[in-house]
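*Asks:* I am sharing input24.cif, which consists of mmCIF, C-alpha atoms:
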```
data_model
#
loop_
_atom_site.group_PDB
_atom_site.id
_atom_site.type_symbol
_atom_site.label_atom_id
_atom_site.label_comp_id
_atom_site.auth_asym_id
_atom_site.auth_seq_id
_atom_site.Cartn_x
_atom_site.Cartn_y
_atom_site.Cartn_z
ATOM 1 C CA MET Q 170 92.777 120.978 82.013
ATOM 2 C CA ASP Q 171 93.861 117.752 80.351
ATOM 3 C CA PRO Q 172 93.022 114.529 82.251
ATOM 4 C CA LEU Q 173 96.575 113.673 83.378
ATOM 5 C CA SER Q 174 97.194 117.184 84.706
ATOM 6 C CA ASP Q 175 93.784 117.178 86.369
ATOM 7 C CA ILE Q 176 94.394 113.859 88.110
ATOM 8 C CA LEU Q 177 97.927 114.697 89.273
ATOM 9 C CA THR Q 178 96.873 118.148 90.480
ATOM 10 C CA MET Q 179 93.991 116.643 92.429
ATOM 11 C CA PHE Q 180 96.036 114.038 94.269
ATOM 12 C CA THR Q 181 99.612 115.321 94.623
ATOM 13 C CA VAL Q 182 99.871 116.569 98.205
ATOM 14 C CA ASN Q 183 103.573 117.380 98.468
ATOM 15 C CA ARG Q 184 107.086 116.069 97.914
ATOM 16 C CA VAL Q 185 109.196 114.943 100.827
ATOM 17 C CA PHE Q 186 112.739 113.785 101.530
ATOM 18 C CA PRO Q 187 114.728 114.775 98.451
ATOM 19 C CA VAL Q 188 118.125 113.131 98.900
ATOM 20 C CA ARG Q 189 121.526 112.876 97.239
ATOM 21 C CA PHE Q 190 123.346 109.570 97.843
ATOM 22 C CA GLU Q 191 127.100 109.549 97.308
ATOM 23 C CA SER Q 192 128.926 106.240 97.797
ATOM 24 C CA SER Q 193 132.263 104.593 97.164
ATOM 25 C CA GLY Q 194 133.154 100.919 97.001
ATOM 26 C CA PRO Q 195 130.860 97.885 97.108
ATOM 27 C CA TYR Q 196 127.539 97.978 98.937
ATOM 28 C CA ALA Q 197 124.096 96.368 99.131
ATOM 29 C CA MET Q 198 121.120 98.032 100.846
ATOM 30 C CA ARG Q 199 117.654 96.678 101.493
ATOM 31 C CA PHE Q 200 114.576 98.848 101.952
ATOM 32 C CA GLY Q 201 111.210 97.833 103.382
ATOM 33 C CA PRO Q 202 107.726 98.716 102.123
ATOM 34 C CA TYR Q 203 107.150 102.412 101.512
ATOM 35 C CA GLU Q 204 104.213 104.713 100.907
ATOM 36 C CA HIS Q 205 103.351 106.568 97.752
ATOM 37 C CA VAL Q 206 105.801 106.938 94.818
ATOM 38 C CA LYS Q 207 109.600 107.073 94.781
ATOM 39 C CA PHE Q 208 111.846 108.405 92.051
ATOM 40 C CA SER Q 209 115.612 108.197 91.564
ATOM 41 C CA ALA Q 210 118.194 109.022 88.936
ATOM 42 C CA VAL Q 211 121.773 107.829 88.602
ATOM 43 C CA LEU Q 212 124.083 110.784 88.029
ATOM 44 C CA PHE Q 213 127.351 108.890 88.114
ATOM 45 C CA GLY Q 214 128.409 105.238 88.244
ATOM 46 C CA GLU Q 215 126.300 102.096 88.012
ATOM 47 C CA VAL Q 216 123.936 100.394 90.472
ATOM 48 C CA THR Q 217 121.337 97.638 90.359
ATOM 49 C CA LEU Q 218 117.729 97.887 91.531
ATOM 50 C CA GLN Q 219 115.819 94.759 92.496
ATOM 51 C CA VAL Q 220 112.188 95.050 93.520
ATOM 52 C CA GLU Q 221 110.866 92.129 95.518
ATOM 53 C CA GLY Q 222 109.507 89.468 93.177
ATOM 54 C CA ALA Q 223 111.027 91.040 90.044
ATOM 55 C CA GLU Q 224 114.187 90.692 87.995
ATOM 56 C CA PRO Q 225 117.128 93.024 88.759
ATOM 57 C CA ILE Q 226 117.411 96.214 86.690
ATOM 58 C CA ARG Q 227 120.872 97.470 85.828
ATOM 59 C CA LEU Q 228 121.046 101.254 86.082
ATOM 60 C CA GLU Q 229 123.671 103.380 84.395
ATOM 61 C CA ALA Q 230 124.543 107.062 84.581
ATOM 62 C CA GLY Q 231 121.632 109.113 83.271
ATOM 63 C CA ASP Q 232 119.030 106.423 83.917
ATOM 64 C CA CYS Q 233 115.901 107.442 85.792
ATOM 65 C CA TYR Q 234 113.337 105.221 87.480
ATOM 66 C CA PHE Q 235 110.083 105.443 89.409
ATOM 67 C CA GLN Q 236 108.781 102.908 91.932
ATOM 68 C CA THR Q 237 105.045 102.952 92.391
ATOM 69 C CA ASP Q 238 103.683 99.949 94.270
ATOM 70 C CA GLY Q 239 105.375 100.091 97.686
ATOM 71 C CA ARG Q 240 107.082 96.708 97.469
ATOM 72 C CA PRO Q 241 110.378 96.151 99.380
ATOM 73 C CA TYR Q 242 113.482 96.439 97.251
ATOM 74 C CA ARG Q 243 117.255 96.455 97.303
ATOM 75 C CA THR Q 244 119.949 98.472 95.588
ATOM 76 C CA PHE Q 245 123.502 97.214 95.177
ATOM 77 C CA ASN Q 246 126.598 97.371 93.038
ATOM 78 C CA CYS Q 247 128.187 94.111 94.159
ATOM 79 C CA THR Q 248 126.467 90.723 94.305
ATOM 80 C CA ASP Q 249 128.823 89.554 97.072
ATOM 81 C CA ALA Q 250 128.119 92.483 99.394
ATOM 82 C CA ILE Q 251 126.091 91.753 102.522
ATOM 83 C CA ASP Q 252 122.779 93.604 102.726
ATOM 84 C CA PHE Q 253 122.233 96.176 105.437
ATOM 85 C CA ASP Q 254 119.212 98.278 106.359
ATOM 86 C CA GLY Q 255 119.157 101.207 103.933
ATOM 87 C CA THR Q 256 116.255 102.983 105.618
ATOM 88 C CA ALA Q 257 118.038 103.064 108.968
ATOM 89 C CA TYR Q 258 121.292 104.167 107.351
ATOM 90 C CA PHE Q 259 119.644 107.014 105.431
ATOM 91 C CA THR Q 260 117.777 108.142 108.555
ATOM 92 C CA GLY Q 261 120.926 108.185 110.671
ATOM 93 C CA ASN Q 262 123.321 109.642 108.117
ATOM 94 C CA ARG Q 263 121.323 112.249 106.249
ATOM 95 C CA SER Q 264 122.901 115.688 106.491
ATOM 96 C CA ILE Q 265 120.886 118.836 106.999
ATOM 97 C CA ASP Q 266 121.164 119.617 103.278
ATOM 98 C CA GLY Q 267 119.855 116.189 102.252
ATOM 99 C CA VAL Q 268 123.108 114.391 101.421
ATOM 100 C CA VAL Q 269 123.849 110.808 102.510
ATOM 101 C CA LYS Q 270 127.409 109.495 102.147
ATOM 102 C CA LEU Q 271 128.728 105.942 102.264
ATOM 103 C CA GLY Q 272 132.432 105.144 102.211
ATOM 104 C CA ALA Q 273 135.528 107.228 102.956
ATOM 105 C CA SER Q 274 136.854 107.519 99.398
ATOM 106 C CA PRO Q 275 135.663 110.014 96.780
ATOM 107 C CA PRO Q 276 132.266 108.844 95.480
ATOM 108 C CA ASP Q 277 132.133 106.563 92.462
ATOM 109 C CA LYS Q 278 128.330 106.439 92.492
ATOM 110 C CA VAL Q 279 125.923 109.372 92.879
ATOM 111 C CA VAL Q 280 122.154 108.970 92.940
ATOM 112 C CA ILE Q 281 119.505 111.605 93.563
ATOM 113 C CA GLY Q 282 115.942 110.803 94.500
ATOM 114 C CA GLY Q 283 112.874 111.650 96.461
ATOM 115 C CA ARG Q 284 109.357 110.620 97.316
ATOM 116 C CA PHE Q 285 106.024 111.991 96.165
ATOM 117 C CA THR Q 286 103.315 112.004 98.799
ATOM 118 C CA PHE Q 287 99.815 111.555 97.411
ATOM 119 C CA ASP Q 288 96.334 111.591 98.793
ATOM 120 C CA ASP Q 289 95.510 107.950 99.638
ATOM 121 C CA GLU Q 290 92.990 107.794 96.816
ATOM 122 C CA GLY Q 291 95.547 109.292 94.459
ATOM 123 C CA VAL Q 292 97.942 106.436 95.193
ATOM 124 C CA THR Q 293 95.194 104.008 94.217
ATOM 125 C CA TRP Q 294 94.612 105.836 90.930
ATOM 126 C CA LEU Q 295 98.320 105.772 90.092
ATOM 127 C CA ARG Q 296 98.956 102.193 91.107
ATOM 128 C CA GLU Q 297 96.124 100.885 88.991
ATOM 129 C CA ALA Q 298 97.613 102.643 85.952
ATOM 130 C CA LEU Q 299 101.388 102.336 86.318
ATOM 131 C CA PRO Q 300 103.771 99.354 86.479
ATOM 132 C CA SER Q 301 105.723 98.705 89.675
ATOM 133 C CA VAL Q 302 108.828 100.256 88.089
ATOM 134 C CA ILE Q 303 109.173 102.735 85.238
ATOM 135 C CA HIS Q 304 112.764 102.567 83.980
ATOM 136 C CA ILE Q 305 113.849 105.206 81.496
ATOM 137 C CA ARG Q 306 117.291 104.658 80.016
ATOM 138 C CA ALA Q 307 119.567 107.621 79.451
ATOM 139 C CA ASN Q 308 119.966 106.877 75.754
ATOM 140 C CA ALA Q 309 116.251 106.429 75.056
ATOM 141 C CA PRO Q 310 114.770 109.016 72.653
ATOM 142 C CA GLU Q 311 112.009 109.820 75.127
ATOM 143 C CA ALA Q 312 114.633 110.693 77.785
ATOM 144 C CA THR Q 313 115.719 113.888 76.000
ATOM 145 C CA PHE Q 314 113.603 116.243 78.090
ATOM 146 C CA LEU Q 315 114.117 114.198 81.231
ATOM 147 C CA ARG Q 316 117.877 114.764 80.995
ATOM 148 C CA ASP Q 317 117.397 118.532 81.132
ATOM 149 C CA THR Q 318 115.164 118.267 84.191
ATOM 150 C CA LEU Q 319 117.536 115.827 85.902
ATOM 151 C CA SER Q 320 120.449 118.160 85.262
ATOM 152 C CA LEU Q 321 118.619 120.997 87.007
ATOM 153 C CA LEU Q 322 117.485 118.716 89.816
ATOM 154 C CA ALA Q 323 121.036 117.459 90.368
ATOM 155 C CA ARG Q 324 122.222 121.028 90.913
ATOM 156 C CA GLU Q 325 119.559 121.675 93.542
ATOM 157 C CA VAL Q 326 119.489 118.528 95.708
ATOM 158 C CA GLY Q 327 122.059 119.008 98.440
ATOM 159 C CA GLY Q 328 123.156 122.377 97.102
ATOM 160 C CA GLY Q 329 121.788 124.397 100.000
ATOM 161 C CA SER Q 330 120.715 127.312 97.802
ATOM 162 C CA PRO Q 331 117.925 129.652 98.957
ATOM 163 C CA GLY Q 332 114.525 128.367 97.888
ATOM 164 C CA GLU Q 333 115.947 124.902 97.218
ATOM 165 C CA SER Q 334 112.925 122.963 98.471
ATOM 166 C CA VAL Q 335 110.507 124.956 96.284
ATOM 167 C CA VAL Q 336 112.647 124.478 93.167
ATOM 168 C CA ILE Q 337 113.026 120.750 93.880
ATOM 169 C CA GLY Q 338 109.260 120.416 94.294
ATOM 170 C CA ARG Q 339 108.562 122.101 90.962
ATOM 171 C CA LEU Q 340 111.220 120.075 89.136
ATOM 172 C CA ALA Q 341 109.948 116.844 90.689
ATOM 173 C CA ASP Q 342 106.455 117.635 89.388
ATOM 174 C CA ILE Q 343 107.882 118.069 85.908
ATOM 175 C CA LEU Q 344 109.940 114.891 86.230
ATOM 176 C CA LEU Q 345 106.896 112.814 87.156
ATOM 177 C CA ILE Q 346 104.887 114.047 84.174
ATOM 178 C CA GLN Q 347 107.827 113.527 81.826
ATOM 179 C CA ALA Q 348 108.297 109.987 83.140
ATOM 180 C CA ILE Q 349 104.639 109.126 82.537
ATOM 181 C CA ARG Q 350 104.866 110.636 79.056
ATOM 182 C CA ALA Q 351 107.960 108.537 78.364
ATOM 183 C CA TYR Q 352 106.154 105.437 79.603
ATOM 184 C CA LEU Q 353 103.189 106.170 77.341
ATOM 185 C CA SER Q 354 105.416 106.740 74.326
ATOM 186 C CA THR Q 355 107.118 103.365 74.697
ATOM 187 C CA SER Q 356 105.240 100.329 75.994
ATOM 188 C CA GLY Q 357 102.284 102.149 77.524
ATOM 189 C CA PRO Q 358 99.602 100.572 79.740
ATOM 190 C CA ASP Q 359 99.218 96.825 79.336
ATOM 191 C CA THR Q 360 96.046 96.709 81.429
ATOM 192 C CA ASN Q 361 92.665 98.415 81.187
ATOM 193 C CA ASN Q 362 92.786 101.650 83.163
ATOM 194 C CA TRP Q 363 92.312 105.403 82.938
ATOM 195 C CA LEU Q 364 95.823 105.997 81.622
ATOM 196 C CA ALA Q 365 95.165 103.623 78.732
ATOM 197 C CA GLY Q 366 92.037 105.670 78.023
ATOM 198 C CA ILE Q 367 94.007 108.914 77.962
ATOM 199 C CA ALA Q 368 96.533 107.339 75.573
ATOM 200 C CA ASP Q 369 93.818 106.268 73.127
ATOM 201 C CA PRO Q 370 93.264 109.055 70.549
ATOM 202 C CA LYS Q 371 89.462 108.855 70.502
ATOM 203 C CA ILE Q 372 88.765 107.954 74.131
ATOM 204 C CA GLY Q 373 91.376 110.487 75.198
ATOM 205 C CA ARG Q 374 89.567 113.230 73.259
ATOM 206 C CA ALA Q 375 86.326 112.482 75.100
ATOM 207 C CA LEU Q 376 88.125 112.382 78.470
ATOM 208 C CA ARG Q 377 89.742 115.756 77.793
ATOM 209 C CA SER Q 378 86.329 117.254 77.111
ATOM 210 C CA PHE Q 379 84.873 115.737 80.270
ATOM 211 C CA HIS Q 380 87.732 116.859 82.536
ATOM 212 C CA ALA Q 381 87.493 120.363 81.072
ATOM 213 C CA GLU Q 382 83.766 120.613 81.911
ATOM 214 C CA VAL Q 383 83.035 118.191 84.738
ATOM 215 C CA ALA Q 384 79.746 119.876 85.676
ATOM 216 C CA ARG Q 385 78.273 119.551 82.181
ATOM 217 C CA ASP Q 386 75.310 117.202 81.767
ATOM 218 C CA TRP Q 387 77.305 114.423 80.159
ATOM 219 C CA THR Q 388 75.779 111.316 78.625
ATOM 220 C CA VAL Q 389 77.335 108.403 76.783
ATOM 221 C CA ALA Q 390 76.000 109.907 73.561
ATOM 222 C CA SER Q 391 77.559 113.330 74.173
ATOM 223 C CA LEU Q 392 80.898 111.763 75.116
ATOM 224 C CA ALA Q 393 80.759 109.619 71.985
ATOM 225 C CA ALA Q 394 80.168 112.754 69.927
ATOM 226 C CA GLU Q 395 83.333 114.304 71.383
ATOM 227 C CA ALA Q 396 85.221 111.168 70.364
ATOM 228 C CA GLY Q 397 83.696 111.198 66.894
ATOM 229 C CA MET Q 398 82.179 107.743 67.363
ATOM 230 C CA SER Q 399 78.775 106.114 67.527
ATOM 231 C CA ARG Q 400 77.345 105.637 71.000
ATOM 232 C CA SER Q 401 77.636 101.830 71.000
ATOM 233 C CA SER Q 402 81.144 101.745 69.486
ATOM 234 C CA PHE Q 403 82.327 104.358 71.976
ATOM 235 C CA ALA Q 404 80.862 102.515 74.965
ATOM 236 C CA ASP Q 405 82.499 99.241 73.892
ATOM 237 C CA ARG Q 406 85.860 100.856 73.204
ATOM 238 C CA PHE Q 407 85.775 102.841 76.452
ATOM 239 C CA ARG Q 408 85.165 99.717 78.535
ATOM 240 C CA ALA Q 409 87.883 97.825 76.639
ATOM 241 C CA LYS Q 410 90.441 100.582 77.282
ATOM 242 C CA VAL Q 411 89.475 101.916 80.708
ATOM 243 C CA GLY Q 412 88.005 98.800 82.300
ATOM 244 C CA MET Q 413 84.694 100.403 83.245
ATOM 245 C CA SER Q 414 81.749 102.040 81.509
ATOM 246 C CA PRO Q 415 81.857 105.761 80.610
ATOM 247 C CA LEU Q 416 79.277 106.634 83.255
ATOM 248 C CA GLU Q 417 81.131 104.639 85.900
ATOM 249 C CA TYR Q 418 84.253 106.652 85.133
ATOM 250 C CA LEU Q 419 82.321 109.916 85.277
ATOM 251 C CA THR Q 420 80.898 109.017 88.675
ATOM 252 C CA LYS Q 421 84.269 107.867 90.007
ATOM 253 C CA TRP Q 422 86.041 111.073 89.027
ATOM 254 C CA ARG Q 423 83.228 113.331 90.181
ATOM 255 C CA MET Q 424 83.167 111.606 93.559
ATOM 256 C CA SER Q 425 86.927 112.032 93.840
ATOM 257 C CA ARG Q 426 86.434 115.757 93.305
ATOM 258 C CA VAL Q 427 83.598 115.893 95.807
ATOM 259 C CA ARG Q 428 85.728 114.084 98.381
ATOM 260 C CA ARG Q 429 88.646 116.468 97.825
ATOM 261 C CA ALA Q 430 86.380 119.518 98.131
ATOM 262 C CA LEU Q 431 84.908 118.208 101.386
ATOM 263 C CA LEU Q 432 88.406 117.778 102.807
ATOM 264 C CA ASP Q 433 89.942 121.001 101.522
ATOM 265 C CA THR Q 434 87.149 123.595 101.563
ATOM 266 C CA ASP Q 435 84.209 124.800 103.631
ATOM 267 C CA HIS Q 436 81.940 125.132 100.617
ATOM 268 C CA ALA Q 437 78.330 124.171 101.094
ATOM 269 C CA PHE Q 438 77.653 120.598 100.029
ATOM 270 C CA ALA Q 439 75.000 121.782 97.587
ATOM 271 C CA THR Q 440 77.612 123.998 95.909
ATOM 272 C CA ILE Q 441 80.092 121.139 95.690
ATOM 273 C CA ALA Q 442 77.431 118.886 94.205
ATOM 274 C CA GLU Q 443 76.444 121.450 91.569
ATOM 275 C CA ARG Q 444 80.060 122.068 90.558
ATOM 276 C CA ASN Q 445 80.383 118.376 89.861
ATOM 277 C CA GLY Q 446 77.306 117.898 87.729
ATOM 278 C CA TYR Q 447 74.635 117.175 90.364
ATOM 279 C CA GLN Q 448 71.568 119.386 90.593
ATOM 280 C CA SER Q 449 70.470 117.627 93.772
ATOM 281 C CA ARG Q 450 72.660 117.300 96.853
ATOM 282 C CA THR Q 451 70.667 114.180 97.703
ATOM 283 C CA SER Q 452 71.612 112.384 94.483
ATOM 284 C CA CYS Q 453 75.230 113.478 94.897
ATOM 285 C CA SER Q 454 75.276 112.227 98.473
ATOM 286 C CA GLN Q 455 73.772 108.895 97.466
ATOM 287 C CA SER Q 456 76.400 108.448 94.720
ATOM 288 C CA PHE Q 457 79.111 109.341 97.217
ATOM 289 C CA LYS Q 458 77.922 106.721 99.672
ATOM 290 C CA ARG Q 459 77.745 104.062 96.937
ATOM 291 C CA VAL Q 460 81.346 104.773 95.947
ATOM 292 C CA TYR Q 461 82.911 105.155 99.393
ATOM 293 C CA GLY Q 462 80.555 103.300 101.692
ATOM 294 C CA TYR Q 463 79.962 106.245 104.026
ATOM 295 C CA ALA Q 464 78.134 109.561 103.962
ATOM 296 C CA PRO Q 465 79.865 112.793 102.849
ATOM 297 C CA GLY Q 466 79.397 114.298 106.304
ATOM 298 C CA VAL Q 467 81.812 111.740 107.778
ATOM 299 C CA LEU Q 468 84.698 113.603 106.133
ATOM 300 C CA ARG Q 469 83.700 116.726 107.993
ATOM 301 C CA GLY Q 470 83.450 115.030 111.325
ATOM 302 C CA HIS Q 471 79.659 114.782 111.455
ATOM 303 C CA GLY Q 472 77.412 111.777 111.599
ATOM 304 C CA ARG Q 473 74.352 113.139 109.836
ATOM 305 C CA ASP Q 474 72.452 111.087 107.322
ATOM 306 C CA GLU Q 475 73.798 111.614 103.819
ATOM 307 C CA THR Q 476 70.584 113.228 102.544
ATOM 308 C CA GLU Q 477 70.722 116.096 105.043
ATOM 309 C CA ASP Q 478 71.908 119.575 104.141
ATOM 310 C CA TYR Q 479 75.661 119.776 104.656
ATOM 311 C CA GLY Q 480 75.758 123.423 103.675
ATOM 312 C CA GLU Q 481 76.211 124.655 107.237
ATOM 313 C CA LEU Q 482 78.811 122.089 108.279
ATOM 314 C CA ILE Q 483 82.333 123.312 108.953
ATOM 315 C CA PRO Q 484 85.181 120.975 107.949
ATOM 316 C CA ALA Q 485 87.013 119.204 110.772
ATOM 317 C CA MET Q 486 89.727 117.791 108.528
ATOM 318 C CA ALA Q 487 92.366 119.528 106.421
#
```
Have the structure of the file written as C-alpha cells, please.

*Replies:*
Amino acid sequence: MDPLSDILTMFTVNRVFPVRFESSGPYAMRFGPYEHVKFSAVLFGEVTLQVEGAEPIRLEAGDCYFQTDGRPYRTFNCTDAIDFDGTAYFTGNRSIDGVVKLGASPPDKVVIGGRFTFDDEGVTWLREALPSVIHIRANAPEATFLRDTLSLLAREVGGGSPGESVVIGRLADILLIQAIRAYLSTSGPDTNNWLAGIADPKIGRALRSFHAEVARDWTVASLAAEAGMSRSSFADRFRAKVGMSPLEYLTKWRMSRVRRALLDTDHAFATIAERNGYQSRTSCSQSFKRVYGYAPGVLRGHGRDETEDYGELIPAMA
C-alpha cells in the first residue's frame, strides 16, 4: 500500500453528517470550532468562506474546499448581512434526508458538504501536513477528476436513494484523496512533514517501500538504497523534507500501527510487536511508552507494567 493510502486507511474512522444546503437571498452564518476535517462544494451560485484569522475566499459554482484545522469560520454571500449561528440553524432545520433550506424562494445557492471523522492521532497527522483550507477552483486543471466525483456526490446527498449513506461514504473517501492529490500537484506542502516526503520522488520511493513492508528490518542504509541515494545524503534530505530522521519516522508510524491494533484487535501484544518490526515485545513496549507516555496495556484497560506479557489481555476499548 502506498503511504497516503496507508495513512488514510489507518486513521479514517467514518464520515458523518453529509448535508445539502439550499438557500435564497442574502445571508451570513458563523460556525464555531469543529472536530476533524470538513469538506464542501458549491454546486450553484456564489458564496464566501472566511476562516478566523485568514482572508476571505470567494467560492464559485464547481469550487471545492476542505477545512482541516478546526478554526471557527463564517460563510456569507452579502457583506451587509447580520451573522447568525449556523450550527444551531443546521441542527434545527436539517431534514431527515440531510437537506437544510434557508429562504422561501427557489434556491440561488446550493452547497453540499460533510465531515470526516478521524482517529484523534489521525487528525494530528493530517493537520501537520495540510493547510487550514484547501481550495480547488472549478476551472483548475487538477479539478478534472474532482468534478466527476462531485457530480456523483451531488446526486446522492439528499436524494434519499437506497444505500445512500454507503455511496456517500465511498465518494467522500475518493474526494479527500483527489483533493490531497490536487494540493500536491499545485503548491504542495510548504513545511517539513510526511506529505512533503511522499511528494519528493526519492524520499517518496523509500517511504513506499517501508509502508509496503513495515515489519522488515529497516535501516537508514536500506531505506537509502530504495531511494537510490547514499546513506548520508538520504538522511539529510529526509530530515529536510519530513522534519525528522528516517528512524524517527519509522518508529512513529510503527507505534501508530501498534496503537491501532491494540484498540481494534485482541491480538497478543507479542504478535502485534512482531508484525511491526519488533522481535521483542519489551523493546516494542518501551518504544510505545517513549512515544505516547504510557504503557500499551493502558489502551486495553489494564495497568500492568509495559514489559509484561500482554498476550492474554482482552481489549476493553473498541

*Asks:* Might you spell out which residues the PyMOL selection byres ((chain Q and resi 368) around 10) would select in the displayed file, as a list in words?

*Replies:*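 Applying the expression gives Arg350, Leu353, Ser354, Gly357, Pro358, Trp363, Leu364, Ala365, Gly366, Ile367, Asp369, Pro370, Lys371, Ile372, Gly373, Arg374 and Lys410 of chain Q.
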
*Asks:* Which residue gives the smallest distance to Trp294 (chain Q) among Q:His205, Q:Arg444, Q:Arg339, Q:Arg324, with only C-alpha atoms counted?

*Replies:*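 Smallest distance to Trp294 (chain Q) is found for Q:His205.
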
*Asks:* Give me, please, the distance in Å between CA of Arg400 (chain Q) and CA of Thr420 (chain Q), quoted to one decimal.

*Replies:* 18.3 Å

*Asks:* For Val216 (chain Q), which of Q:Thr434, Q:Ser414, Q:Ser193, Q:Thr286 is the closest residue, counting all atoms listed in the file?

*Replies:* Q:Ser193

*Asks:* Skipping near chain neighbours, those fewer than 2 positions away, what residues fall within 12 Å of Ala442 (chain Q) using only C-alpha atoms, listed as a VMD selection string?

*Replies:* chain Q and resid 383 to 384 420 423 to 428 430 to 431 436 to 440 444 to 457 465 478 to 480

*Asks:* With C-alpha atoms retained, write the just-selected residues as a PDB file, in the coordinates of the input.

*Replies:*
```pdb
ATOM      1  CA  VAL Q 383      83.035 118.191  84.738  1.00  0.00           C
ATOM      2  CA  ALA Q 384      79.746 119.876  85.676  1.00  0.00           C
ATOM      3  CA  THR Q 420      80.898 109.017  88.675  1.00  0.00           C
ATOM      4  CA  ARG Q 423      83.228 113.331  90.181  1.00  0.00           C
ATOM      5  CA  MET Q 424      83.167 111.606  93.559  1.00  0.00           C
ATOM      6  CA  SER Q 425      86.927 112.032  93.840  1.00  0.00           C
ATOM      7  CA  ARG Q 426      86.434 115.757  93.305  1.00  0.00           C
ATOM      8  CA  VAL Q 427      83.598 115.893  95.807  1.00  0.00           C
ATOM      9  CA  ARG Q 428      85.728 114.084  98.381  1.00  0.00           C
ATOM     10  CA  ALA Q 430      86.380 119.518  98.131  1.00  0.00           C
ATOM     11  CA  LEU Q 431      84.908 118.208 101.386  1.00  0.00           C
ATOM     12  CA  HIS Q 436      81.940 125.132 100.617  1.00  0.00           C
ATOM     13  CA  ALA Q 437      78.330 124.171 101.094  1.00  0.00           C
ATOM     14  CA  PHE Q 438      77.653 120.598 100.029  1.00  0.00           C
ATOM     15  CA  ALA Q 439      75.000 121.782  97.587  1.00  0.00           C
ATOM     16  CA  THR Q 440      77.612 123.998  95.909  1.00  0.00           C
ATOM     17  CA  ARG Q 444      80.060 122.068  90.558  1.00  0.00           C
ATOM     18  CA  ASN Q 445      80.383 118.376  89.861  1.00  0.00           C
ATOM     19  CA  GLY Q 446      77.306 117.898  87.729  1.00  0.00           C
ATOM     20  CA  TYR Q 447      74.635 117.175  90.364  1.00  0.00           C
ATOM     21  CA  GLN Q 448      71.568 119.386  90.593  1.00  0.00           C
ATOM     22  CA  SER Q 449      70.470 117.627  93.772  1.00  0.00           C
ATOM     23  CA  ARG Q 450      72.660 117.300  96.853  1.00  0.00           C
ATOM     24  CA  THR Q 451      70.667 114.180  97.703  1.00  0.00           C
ATOM     25  CA  SER Q 452      71.612 112.384  94.483  1.00  0.00           C
ATOM     26  CA  CYS Q 453      75.230 113.478  94.897  1.00  0.00           C
ATOM     27  CA  SER Q 454      75.276 112.227  98.473  1.00  0.00           C
ATOM     28  CA  GLN Q 455      73.772 108.895  97.466  1.00  0.00           C
ATOM     29  CA  SER Q 456      76.400 108.448  94.720  1.00  0.00           C
ATOM     30  CA  PHE Q 457      79.111 109.341  97.217  1.00  0.00           C
ATOM     31  CA  PRO Q 465      79.865 112.793 102.849  1.00  0.00           C
ATOM     32  CA  ASP Q 478      71.908 119.575 104.141  1.00  0.00           C
ATOM     33  CA  TYR Q 479      75.661 119.776 104.656  1.00  0.00           C
ATOM     34  CA  GLY Q 480      75.758 123.423 103.675  1.00  0.00           C
TER      35      GLY Q 480
END
```

*Asks:* Starting from the PyMOL selection byres ((chain Q and resi 177-180) around 10), expand the selection into actual residues of this file and give them as a ChimeraX atom specification.

*Replies:* /Q:170,172-176,181-183,286-292,294-295,342,345-346,425-426,429-430

*Asks:* Evaluate the PyMOL selection byres ((chain Q and resi 236-243) around 7) and record the selected residues as a PyMOL selection string, following the chain and residue labels used in the document.

*Replies:* chain Q and resi 198-208+218-221+234-235+244-245+296+301-303

*Asks:* Write out, as a short mmCIF file (atom, residue, chain, number, x, y, z; two decimals), keeping the file's coordinate frame, the residues just selected, with C-alpha atoms.

*Replies:*
```
data_model
loop_
_atom_site.label_atom_id
_atom_site.label_comp_id
_atom_site.auth_asym_id
_atom_site.auth_seq_id
_atom_site.Cartn_x
_atom_site.Cartn_y
_atom_site.Cartn_z
CA MET Q 198 121.12 98.03 100.85
CA ARG Q 199 117.65 96.68 101.49
CA PHE Q 200 114.58 98.85 101.95
CA GLY Q 201 111.21 97.83 103.38
CA PRO Q 202 107.73 98.72 102.12
CA TYR Q 203 107.15 102.41 101.51
CA GLU Q 204 104.21 104.71 100.91
CA HIS Q 205 103.35 106.57 97.75
CA VAL Q 206 105.80 106.94 94.82
CA LYS Q 207 109.60 107.07 94.78
CA PHE Q 208 111.85 108.40 92.05
CA LEU Q 218 117.73 97.89 91.53
CA GLN Q 219 115.82 94.76 92.50
CA VAL Q 220 112.19 95.05 93.52
CA GLU Q 221 110.87 92.13 95.52
CA TYR Q 234 113.34 105.22 87.48
CA PHE Q 235 110.08 105.44 89.41
CA THR Q 244 119.95 98.47 95.59
CA PHE Q 245 123.50 97.21 95.18
CA ARG Q 296 98.96 102.19 91.11
CA SER Q 301 105.72 98.70 89.68
CA VAL Q 302 108.83 100.26 88.09
CA ILE Q 303 109.17 102.74 85.24
#
```

*Asks:* Mind giving me the straight-line distance from CA of Val211 (chain Q) to CA of Ala230 (chain Q) in Å, one decimal?

*Replies:* 4.9 Å

*Asks:* Could you work out how far CA of Ala307 (chain Q) lies from CA of Thr355 (chain Q), giving the answer in Å with one decimal?

*Replies:* 14.0 Å

*Asks:* Q:Glu333, Q:Glu215, Q:Glu395, Q:Asp232: which is nearest Gly267 (chain Q), counting only C-alpha atoms?

*Replies:*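 For Gly267 (chain Q), the nearest of the given residues is Q:Glu333.
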
*Asks:* Neighbouring residues of Ser264 (chain Q) were defined as those with any atom within 12 Å, considering all atoms listed in the file; residues of the same chain fewer than 2 positions away were excluded. Please report them as a list of chain:residue names.

*Replies:*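 Surrounding residues, per the criterion: Q:Phe186, Q:Pro187, Q:Val188, Q:Arg189, Q:Phe190, Q:Glu191, Q:Tyr258, Q:Phe259, Q:Thr260, Q:Gly261, Q:Asn262, Q:Asp266, Q:Gly267, Q:Val268, Q:Val269, Q:Lys270, Q:Val326, Q:Gly327, Q:Gly328, Q:Gly329.
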
*Asks:* What's around Ser320 (chain Q) at 12 Å? Count all atoms listed in the file, leave out sequence neighbours fewer than 2 positions away in its own chain, and write the answer as a VMD selection string.

*Replies:* chain Q and resid 210 to 213 230 to 233 281 313 to 318 322 to 326 337 340 to 341 344

*Asks:* Residues at most 12 Å from Pro415 (chain Q), counting all atoms listed in the file, excluding those fewer than 2 positions away in the same chain, as number ranges by chain?

*Replies:* Q: 362-363, 366, 372-373, 375-376, 379, 387-393, 400-413, 417-422
